[in-house]
Amino acid sequence: MNRRRWNQLLLRYPFLFALILLSVAILVNAILQPTFFTRESLNNNMRVFLPLMILAVGQAVVILGGGIDISVGGILSIVNTILATQVGLNGSPEKMWIYVGLSLLAGLAAGSLNGFFVSVLRLQPIITTYATSFLFFGIALYILPNPGGGIPQAISGLYRNTTPLGIPLAIYVIVLILLGWYYLRHSRYGRYLYAVGGKAEAAYETGVPVVGIQFSTYVISGLMAAIAGIAMSMLTGSGNADIGSAMTLNSVTAVVIGGTAFSGGVGGIAGPIIGAMTLQMIMNIISFANIDTWWQTFVNALIIVIALALPGLLNLIQGRKK
Amino acid sequence: MTVLLSAQNIVKRYGGVIALSDGNLEVSSGEVVALVGANGSGKSTLSKIINGVVVLDGGQLLLDGVPVQFPSPQAARKMGIATVFQELSLIPQMSIAENIWLTREPLHPTGTVDQKEVTERTKRLLKLFEGTFKTELTPDVSVSSLQPDEKQIIEILKAISVDPRILILDEATASLDSRQVSRLFELVATWKLSGKAIIFVSHRMEEIFRIADTYSVLRNGKTVGSGKIKEVTEKELVNLMIEKASVFTHARQNRAGAKELAQKPVYLTVNALATDVLRGVNLQVRRGELLGLGGLMGQGQRELLRSIFGYIHYHGTINILGKDVHYRHPADAIKDRTAFVPGDRGKEGLLYIRSILENILLPSWKEFGVPTRMKKAHEVAVGVGESLNLKMAGLDEPVSSLSGGNAQKVVIGKWLKRKPQLLLLDDPTKGVDVGTKAEFYKLLANLCDEGKTIIFYSSDDEELVGLCDRILVMHDGNIRTELVDRMITKRNLVAASLGASEEEQHE
């Protein structure tokens, strides 16, 4: 009976697994790094975590709607290279904000391209966005063939060191995103999103604009990737066309740890945000423990496999089939 | 009465296949029209044209005498046409309330959904079927946790929540039990009074005569007859549906009585079988017996068949020909010559996109060696196809090209090849047309005469009464009543299923 209640809890709060994992990761982190809970180190960590968290939110919306977006890393790279080459280390803040606006437009455009292929032309999401990711990385490399460039230090400093009321800027961003999500989820759009991800055919028969909803998820994902790219650029202060390549798989992993089902229609945004934090916390542990960096990839892969297999394993242990 | 909706000379082609060549239907407000026809006659297509799910290729639709076009389901719904779909249009991950009001959620001025209002309205709708559910439903229950009959009712409520002028009930009673059907018919009567027009698509003759005012018969995509239901008999209607005048007389001839049965050897014994649903079922089947399982929907009939087939984890003992067995996987059961014909053929019985040949030979590929002797395989498949009188364009066509009845024949055909000794049938005739049913009944009779043992669950009471040597009526995961010999009548079966009414009689 205990196991059953646990299953029900997981169904209602899909991010419970991520929360437990996060607590463990925080514990280990705190042991390895005694200054972990100081204000400074908290801000340090959060500003590093923020880009992936934003990326995971976009990814989660797409997966909730029944798709997947493998091109988010590419979009992030495009934005990073645009800012690093066009603004420059000595650019004025005004110029920076203009290009931030343009970067958002670039994200919307890239997302629209994905959305068009997947929803209007009905191509396989995983293959389509895998293909467009090459396109996006190609564009990023064209803009900035070798790592370099940068954005004004003042702007990076703004991102790194702003802590209103002593709380890291990243927390404000996350709260804003959660508020936005709370509204969306309780609006008609939210219902449509879950309906399309749950059973697109049934949603269509009921009169849900399936194509429009699917399209919108990729646009949201593109926009989120652009915002993540802006945050990443402010964090690093420099440009690198390859910066997003490792982040795509991480965004998917974060969503999976966060309890959002690959099949769509189940889960939310809080889980993936926690998932993204957990993932990077684990990476922190690895680097603090002086383990080779290839372990990061290994652990990352292990987590995604376990997270995917866990529901099946639980069923197998219980010896029941559905 | 004025004609509300009229479909005239409707034509619909899917690729090269003509689904409808001359479909006609007329319905007035305050009237129930029965749209009848064998499987593959075009009933579903015609109703899908009326509700805008598919777009017609020819002919026209008139609403209030004005030509209309429905490019999408929303367009039809805006004009007041709602449908209870046969393949359910519910989203399993969402709650009852969310499903019913999807796309029509009452909103706060801020744009968020008015959850309180949604819950209120859903409760009011659920009241319509109050007392016919096994457990009372609340608006926030997830649809994935519902039984098929409950899902069907939610589907009905979803359609009626639009307050439509025209309501299409497409096989809406197929998964309901008799109490739920009665409640639905009471509701239909009140909807008629309020001026709604109802299009009733069904295979069940008895229900058609109970509820319809007029009828329209489709055969091979053509409307071949229509008129007032009072002026037609069941036999005439069936004759219109099927070209050959094979009639409703499929009662099995040489059925075994209790005495004869007792002389046959016991094939299967089940003792104290328990699962999540079953509560210690005991039963015995003898060789050559056709044992029926009856009762209301979802009383554990499916779980019983599935446990015997090793598909569900269970406690208790199963004994075949004196040997205790405990199958952990259907493959074990298949080795012991047990076959299972699932009710949901699309999901469990067939590989829809693969060819008929592959489906028939799926359990028996081993026989044809490596590399596969395709010529021999083809011959065998042709033989199976012929013995079942399979109507198909060719063995290499995908199963999805077959009508429901013919597809079900393939499910049975793939097992016959392996000469099973025990057949477990899970509501195999659901959604199958009258002509194919008759052939299917003959097949069952032959199998029993050959000494095969059959356990047969059906949601169609007439079928059970007409075919079985013995009927076990299930209730709440247990066997409530056993009907043998002369006890096997429809009245007894229905009474035993309902339980309550039987107890009243005793008092």
# chains A, B, ... in the order shown; residues from 1 in each chain; ligands from 1
>>> closest_atom_pairs(of="stretch 128-207 of chain A", to="stretch 249-271 of chain A", cutoff="12 Å", atoms="only C-alpha atoms", output="JSON lines")
{"residue": "A:Tyr130", "atom": "CA", "partner": "A:Leu249", "partner_atom": "CA", "distance": 11.4}
{"residue": "A:Ile174", "atom": "CA", "partner": "A:Ala270", "partner_atom": "CA", "distance": 9.6}
{"residue": "A:Val175", "atom": "CA", "partner": "A:Ala270", "partner_atom": "CA", "distance": 10.3}
{"residue": "A:Ile177", "atom": "CA", "partner": "A:Ile269", "partner_atom": "CA", "distance": 9.1}
{"residue": "A:Leu178", "atom": "CA", "partner": "A:Ala270", "partner_atom": "CA", "distance": 7.4}
{"residue": "A:Leu179", "atom": "CA", "partner": "A:Ile269", "partner_atom": "CA", "distance": 10.7}
{"residue": "A:Gly180", "atom": "CA", "partner": "A:Ile269", "partner_atom": "CA", "distance": 10.5}
{"residue": "A:Trp181", "atom": "CA", "partner": "A:Ile269", "partner_atom": "CA", "distance": 7.4}
{"residue": "A:Tyr182", "atom": "CA", "partner": "A:Ile269", "partner_atom": "CA", "distance": 9.2}
{"residue": "A:Leu184", "atom": "CA", "partner": "A:Ile269", "partner_atom": "CA", "distance": 11.1}
{"residue": "A:Arg185", "atom": "CA", "partner": "A:Gly268", "partner_atom": "CA", "distance": 8.9}
{"residue": "A:Gly190", "atom": "CA", "partner": "A:Gly268", "partner_atom": "CA", "distance": 10.4}
{"residue": "A:Arg191", "atom": "CA", "partner": "A:Gly265", "partner_atom": "CA", "distance": 9.8}
{"residue": "A:Tyr192", "atom": "CA", "partner": "A:Gly265", "partner_atom": "CA", "distance": 9.9}
{"residue": "A:Leu193", "atom": "CA", "partner": "A:Gly265", "partner_atom": "CA", "distance": 7.5}
{"residue": "A:Tyr194", "atom": "CA", "partner": "A:Gly265", "partner_atom": "CA", "distance": 4.6}
{"residue": "A:Ala195", "atom": "CA", "partner": "A:Gly265", "partner_atom": "CA", "distance": 6.6}
{"residue": "A:Val196", "atom": "CA", "partner": "A:Gly265", "partner_atom": "CA", "distance": 7.2}
{"residue": "A:Gly197", "atom": "CA", "partner": "A:Gly265", "partner_atom": "CA", "distance": 4.2}
{"residue": "A:Gly198", "atom": "CA", "partner": "A:Gly265", "partner_atom": "CA", "distance": 4.2}
{"residue": "A:Lys199", "atom": "CA", "partner": "A:Gly265", "partner_atom": "CA", "distance": 7.9}
{"residue": "A:Ala200", "atom": "CA", "partner": "A:Gly265", "partner_atom": "CA", "distance": 9.8}
{"residue": "A:Ala203", "atom": "CA", "partner": "A:Gly265", "partner_atom": "CA", "distance": 11.6}
>>> interface_residues(of="chain A", to="chain B", cutoff="6 Å", atoms="only C-alpha atoms", output="MDAnalysis selection string")
chainID A and resid 186:187 198:199 202 207 320
>>> residues_around(residues="A:Ser245", least_positions_apart="4", cutoff="10 Å", atoms="only C-alpha atoms", output="ChimeraX atom specification")
/A:70-77,133,137,241,249-250
>>> residues_around(residues="A:Gly212", least_positions_apart="6", cutoff="9 Å", atoms="only C-alpha atoms", output="number ranges by chain")
A: 115, 119-120
>>> write_last_selection(atoms="N, CA and C atoms", output="PDB file, in the first residue's frame")
ATOM      1  N   GLY A 115       8.557  25.427 -35.742  1.00  0.00           N
ATOM      2  CA  GLY A 115       7.116  25.247 -35.615  1.00  0.00           C
ATOM      3  C   GLY A 115       6.466  25.007 -36.964  1.00  0.00           C
ATOM      4  N   SER A 119       4.540  21.584 -37.171  1.00  0.00           N
ATOM      5  CA  SER A 119       3.080  21.629 -37.055  1.00  0.00           C
ATOM      6  C   SER A 119       2.387  21.740 -38.410  1.00  0.00           C
ATOM      7  N   VAL A 120       2.907  22.576 -39.292  1.00  0.00           N
ATOM      8  CA  VAL A 120       2.228  22.754 -40.582  1.00  0.00           C
ATOM      9  C   VAL A 120       2.599  21.638 -41.550  1.00  0.00           C
TER      10      VAL A 120
END
>>> residues_around(residues="stretch 89-96 of chain A", least_positions_apart="4", cutoff="6 Å", atoms="only C-alpha atoms", output="JSON, numbers by chain")
{"A": [150, 151, 152]}
>>> select_by_dssp(residues="stretch 8-80 of chain A", states="helix (DSSP H, G or I)", output="ChimeraX atom specification")
/A:8-12,16-32,34-37,39-64,72-80
>>> atom_distance(atom1="atom CA of B:Thr269", atom2="atom CA of B:Arg286")
8.8 Å
>>> residues_around(residues="B:Val33", least_positions_apart="3", cutoff="8 Å", atoms="only C-alpha atoms", output="PyMOL selection string")
chain B and resi 26-27+198-200+212-216
>>> select_by_dssp(residues="stretch 175-391 of chain B", states="strand (DSSP E)", output="MDAnalysis selection string")
chainID B and resid 197:201 214:219 222:228 266:274 279:286 290:294 315:320 323:325 338:341
>>> residues_around(residues="stretch 253-257 of chain B", least_positions_apart="6", cutoff="8 Å", atoms="only C-alpha atoms", output="ChimeraX atom specification")
/B:289,467-469,484-485
>>> closest_residue(among="B:Glu379, B:Glu234, B:Glu439, B:Asp149", to="B:Ser459", atoms="only C-alpha atoms")
B:Asp149
>>> atom_distance(atom1="atom CA of B:Gly451", atom2="atom CA of B:Arg287")
6.0 Å
>>> closest_residue(among="A:Ile227, A:Met232, A:Met281, A:Val219", to="A:Ser112", atoms="only C-alpha atoms")
A:Val219
>>> atom_distance(atom1="atom CA of B:Gln60", atom2="atom CA of B:Ile160")
25.6 Å
